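Everything below concerns the one structure shown next.
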Amino acid sequence: MNLHMTEEQLMMRKMVQDFARKEIAPFVATMEETEQFPRHLIKKMGEAGLMGIPVPEEWGGVGADFTSYILAIHEISKVSATVGVILSVHTSVGTNPILYFGTDEQKRTYLPKLASGQFLGAFALTEPGAGSDASRIRTSAVRQGDEYVLNGSKVFITNGGEADIYITFAVTDPSAGTKGISAFIVEKETPGFSIGKKEKKMGLSGSSTTELIFDQARVPAANRLGEEGEGFKIALANLDRGRIGIAAQALGIAEAAFELANSYAKERKQFGKPIASHQAIGFKLADMATEVEAARLLVYRAAWLQSEGLPCGREAAMAKRFASDTAMKTATEAVQVYGGYGYTREYPVERLFRDAKVTQIYEGTNEIQRLVIAKHLLS
Ligand code: CAA
């Protein structure tokens with residue numbers, strides 16, 4: 001693996017850093033406080049090309065490599081993990097399933113809109129009774145002529161209510177286990193499809209997380225993604241890529257927490273010297289810096305494998321597990337370094353602490369990542 005970024009990747013990083021500083025940073029405190037979805041940012045990110053980084057130019061995207069996409073999630077999440085997850089879910093699991101598994105017609109219909117930010121994407125797999133055990137979903141899809149009729153519900157759907165399309169998984173053959181699940185592109189205006197309860201969350205407060213309800217929802221057969229029975233593979237293959245995105249989001253949170261703690265520890269004086277000069281804090285900062293660096297290497301190695309078209313399931317799971325644990329640990333230590341101030345909403349470390357937690361949970365809990373890694377070790 002080449003540890004140096006290419007000219008294009010460096011340009012992408014600079015562009016994203018400038019965008020995050022100018023367009024996202026001024027809005028973060030209000031967005032989190034008011035739990036306001038950053039709709040205007042979606043438009044601006046679309047104009048800047050950020051909504052379709054890995055989508056080829058012929059489908060209206062930027063056509064950059066996967067690593068460029070990952071570094072965009074990383075840089076954006078340093079400023080706002082909320083915007084990071086919106087973009088990650090939109091791209092990794094809202095857009096890429098169409099890019100990798102869609103027909104030309106589906107690509108023509110949806111990719112230019114998704115890549116420009118006119119449409120926002122979401123991924124609807126999880127159900128009340130099927131979280132980690134994703135193959136146990138019960139939402140059903142029954143073919144009737146040129147349509148499928150969907151019944152059931154989904155929970156914890158990121159971008160729920162805000163997204164224009166939902167990559168939805170439903171059972172078309174209940175007797176066939178994982179081979180009885182199919183994938184569909186469900187548009188928000190679909191008759192019989194509605195948005196349920198919006199969750200009030202610990203963190204990522206500007207992002208939307210909702211239930212979805214399918215009550216005799218009629219989806220055109222032309223919107224089935226892949227063949228009947230291919231849905232579970234489509235879900236897991238996209239989650240492999242998606243987990244690198246969440247790992248990059250976690251890396252952004254960890255890096256932000258470390259940088260804040262490091263600067264604060266150099267300024268804050270106790271016992272006549274900066275607290276960073278006390279070994280208790282100096283060692284903390286040394287561990288934080290080391291773990292953030294290790295997370296960075298795992299994230300970019302997984303991204304590089306994916307960019308090269310090489311298998312990356314094991315490395316994606318390792319990156320997601322390690323980077324999210326590092327985000328939680330680093331944010332916890334950053335609060336500690338800030339002391340009493342760190343526990344107040346006046347300083348951003350408490351937000352990083354709250355945002356970090358979910359990276360250990362969504363897009364496959366870290367227990368599931370260990371399961372995936374262990375399966376690879378056995379094979
Ligand atoms: N890619 C493609 N196919 C895969 C695959 C992969 N990575 N992993 C497994 N498969 C295939 C297998 O080859 C197998 O097919 P065959 O029968 O043809 O061999 C089939 O899928 C079933 O495989 P398993 O028996 O291994 O499946 P399982 O039922 O044991 O489940 C699991 C495996 C890893 C636990 C899976 O259920 C899983 O990943 N669970 C976690 C779900 C998850 O990540 N949810 C996240 C929701 S999205 C989200 O969180 C977004 C957000 O808001 C941020």
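Identifiers for the structure tokens are assigned positionally: chains receive A, B, ... in sequence, residues are indexed from 1 per chain, and ligands are indexed from 1 in the order shown.
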Please find the residues contacting ligand 1 at a distance of at most 7 Å between atoms, with only C-alpha atoms and all ligand atoms counted, and report them as a PyMOL selection string. chain A and resi 85+89+123+125-126+131-135+156-158+178+232-234+236-237+239-240+313+362-365+368+371-372
Near Gly117 in chain A, counting only C-alpha atoms, which residues have an atom at most 8 Å away, once you skip same-chain residues fewer than 3 positions from it, shown as a count of residues only? 10
Measuring between only C-alpha atoms, which one of A:Ala64, A:Ala261, A:Ala221, A:Leu10 shows the shortest distance to Val337 in chain A?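 Of the candidates, the smallest distance to Val337 in chain A is held by A:Ala261.
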Shell of 12 Å around Glu35 in chain A, only C-alpha atoms, local chain residues under 6 positions omitted, as a list in words: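 After dropping sequence-adjacent residues, the list is Phe27, Val28, Ala29, Thr82, Lys198, Glu199, Lys200, Lys201, Met202, Gly203, Leu204, Ser205, Gly206, Ser207, Ser208 and Thr209 of chain A.
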DSSP-assigned alpha helix (DSSP H) members of range 201-356 of chain A, reported as a ChimeraX atom specification: /A:231-267,279-307,313-338,349-356
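Our summary of the geometry notes that CA of Ala374 in chain A is positioned 14.1 Å from CA of Ala319 in chain A.
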Between A:Gln17, A:Gln360, A:Ser307, A:Ser277, single out the one closest to Ala250 in chain A, counting only C-alpha atoms.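 Comparing A:Gln17, A:Gln360, A:Ser307, A:Ser277 against Ala250 in chain A, the winner is A:Gln360.
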Shell around range 303-305 of chain A at 8 Å using only C-alpha atoms, local window under 6 positions removed, as a PDB file with all heavy atoms, in the first residue's frame:
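around.pdb was written with the following content:
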ATOM      1  N   MET A   1       0.844  -1.198   0.000  1.00  0.00           N
ATOM      2  CA  MET A   1       0.000   0.000   0.000  1.00  0.00           C
ATOM      3  C   MET A   1       0.880   1.248   0.000  1.00  0.00           C
ATOM      4  O   MET A   1       1.832   1.346   0.765  1.00  0.00           O
ATOM      5  CB  MET A   1      -0.886  -0.015   1.248  1.00  0.00           C
ATOM      6  CG  MET A   1      -1.712   1.224   1.432  1.00  0.00           C
ATOM      7  SD  MET A   1      -2.814   1.121   2.862  1.00  0.00           S
ATOM      8  CE  MET A   1      -2.057   2.211   4.018  1.00  0.00           C
ATOM      9  N   PHE A  66     -12.295   5.346  -4.375  1.00  0.00           N
ATOM     10  CA  PHE A  66     -12.949   5.122  -3.089  1.00  0.00           C
ATOM     11  C   PHE A  66     -12.195   5.830  -1.957  1.00  0.00           C
ATOM     12  O   PHE A  66     -12.805   6.356  -1.023  1.00  0.00           O
ATOM     13  CB  PHE A  66     -13.047   3.611  -2.829  1.00  0.00           C
ATOM     14  CG  PHE A  66     -13.903   3.263  -1.654  1.00  0.00           C
ATOM     15  CD1 PHE A  66     -15.284   3.239  -1.759  1.00  0.00           C
ATOM     16  CD2 PHE A  66     -13.336   2.974  -0.416  1.00  0.00           C
ATOM     17  CE1 PHE A  66     -16.092   2.926  -0.668  1.00  0.00           C
ATOM     18  CE2 PHE A  66     -14.130   2.653   0.684  1.00  0.00           C
ATOM     19  CZ  PHE A  66     -15.512   2.631   0.556  1.00  0.00           C
ATOM     20  N   THR A  67     -10.859   5.867  -2.063  1.00  0.00           N
ATOM     21  CA  THR A  67     -10.073   6.531  -1.009  1.00  0.00           C
ATOM     22  C   THR A  67     -10.435   8.019  -0.917  1.00  0.00           C
ATOM     23  O   THR A  67     -10.517   8.576   0.180  1.00  0.00           O
ATOM     24  CB  THR A  67      -8.563   6.338  -1.267  1.00  0.00           C
ATOM     25  OG1 THR A  67      -8.308   4.928  -1.290  1.00  0.00           O
ATOM     26  CG2 THR A  67      -7.705   6.998  -0.208  1.00  0.00           C
ATOM     27  N   ILE A  70     -13.529   8.270   1.039  1.00  0.00           N
ATOM     28  CA  ILE A  70     -13.281   8.018   2.464  1.00  0.00           C
ATOM     29  C   ILE A  70     -12.630   9.229   3.127  1.00  0.00           C
ATOM     30  O   ILE A  70     -12.968   9.605   4.251  1.00  0.00           O
ATOM     31  CB  ILE A  70     -12.439   6.727   2.619  1.00  0.00           C
ATOM     32  CG1 ILE A  70     -13.318   5.509   2.322  1.00  0.00           C
ATOM     33  CG2 ILE A  70     -11.743   6.608   3.972  1.00  0.00           C
ATOM     34  CD1 ILE A  70     -14.582   5.395   3.181  1.00  0.00           C
ATOM     35  N   ILE A 244     -16.361   0.890   5.984  1.00  0.00           N
ATOM     36  CA  ILE A 244     -15.153   1.728   5.869  1.00  0.00           C
ATOM     37  C   ILE A 244     -15.562   3.202   6.032  1.00  0.00           C
ATOM     38  O   ILE A 244     -14.843   3.992   6.640  1.00  0.00           O
ATOM     39  CB  ILE A 244     -14.410   1.486   4.528  1.00  0.00           C
ATOM     40  CG1 ILE A 244     -14.205  -0.013   4.279  1.00  0.00           C
ATOM     41  CG2 ILE A 244     -13.063   2.234   4.541  1.00  0.00           C
ATOM     42  CD1 ILE A 244     -13.599  -0.351   2.924  1.00  0.00           C
ATOM     43  N   PRO A 311     -10.525  -7.773  -2.320  1.00  0.00           N
ATOM     44  CA  PRO A 311     -11.433  -8.082  -1.210  1.00  0.00           C
ATOM     45  C   PRO A 311     -11.061  -7.271   0.036  1.00  0.00           C
ATOM     46  O   PRO A 311      -9.874  -7.101   0.337  1.00  0.00           O
ATOM     47  CB  PRO A 311     -11.196  -9.577  -0.954  1.00  0.00           C
ATOM     48  CG  PRO A 311     -10.544 -10.095  -2.182  1.00  0.00           C
ATOM     49  CD  PRO A 311      -9.797  -8.955  -2.803  1.00  0.00           C
ATOM     50  N   CYS A 312     -12.078  -6.765   0.744  1.00  0.00           N
ATOM     51  CA  CYS A 312     -11.772  -5.895   1.881  1.00  0.00           C
ATOM     52  C   CYS A 312     -12.702  -6.135   3.067  1.00  0.00           C
ATOM     53  O   CYS A 312     -12.728  -5.324   3.993  1.00  0.00           O
ATOM     54  CB  CYS A 312     -11.823  -4.421   1.456  1.00  0.00           C
ATOM     55  SG  CYS A 312     -13.473  -3.905   0.984  1.00  0.00           S
ATOM     56  N   ALA A 316     -12.267  -4.138   6.375  1.00  0.00           N
ATOM     57  CA  ALA A 316     -13.319  -3.148   6.676  1.00  0.00           C
ATOM     58  C   ALA A 316     -13.837  -3.377   8.095  1.00  0.00           C
ATOM     59  O   ALA A 316     -14.038  -2.421   8.858  1.00  0.00           O
ATOM     60  CB  ALA A 316     -14.458  -3.265   5.677  1.00  0.00           C
TER      61      ALA A 316
END
Tell me, as a list in words, which residues lie within 8 Å of Phe184 in chain A, counting only C-alpha atoms; anything in the same chain fewer than 3 positions away does not count.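 Non-adjacent residues within range: Tyr166, Ile167, Thr168, Phe169, Ala170, Val219, Asn223, Arg224 and Leu225 of chain A.
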Separation of CA of Gly121 in chain A from CA of Tyr300 in chain A in Å: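 That distance, rounded to one decimal, is 24.4 Å.
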Looking at only C-alpha atoms, which of A:Arg301, A:Arg321, A:Arg268, A:His278 is the one that sits closest to Gly339 in chain A? A:Arg268
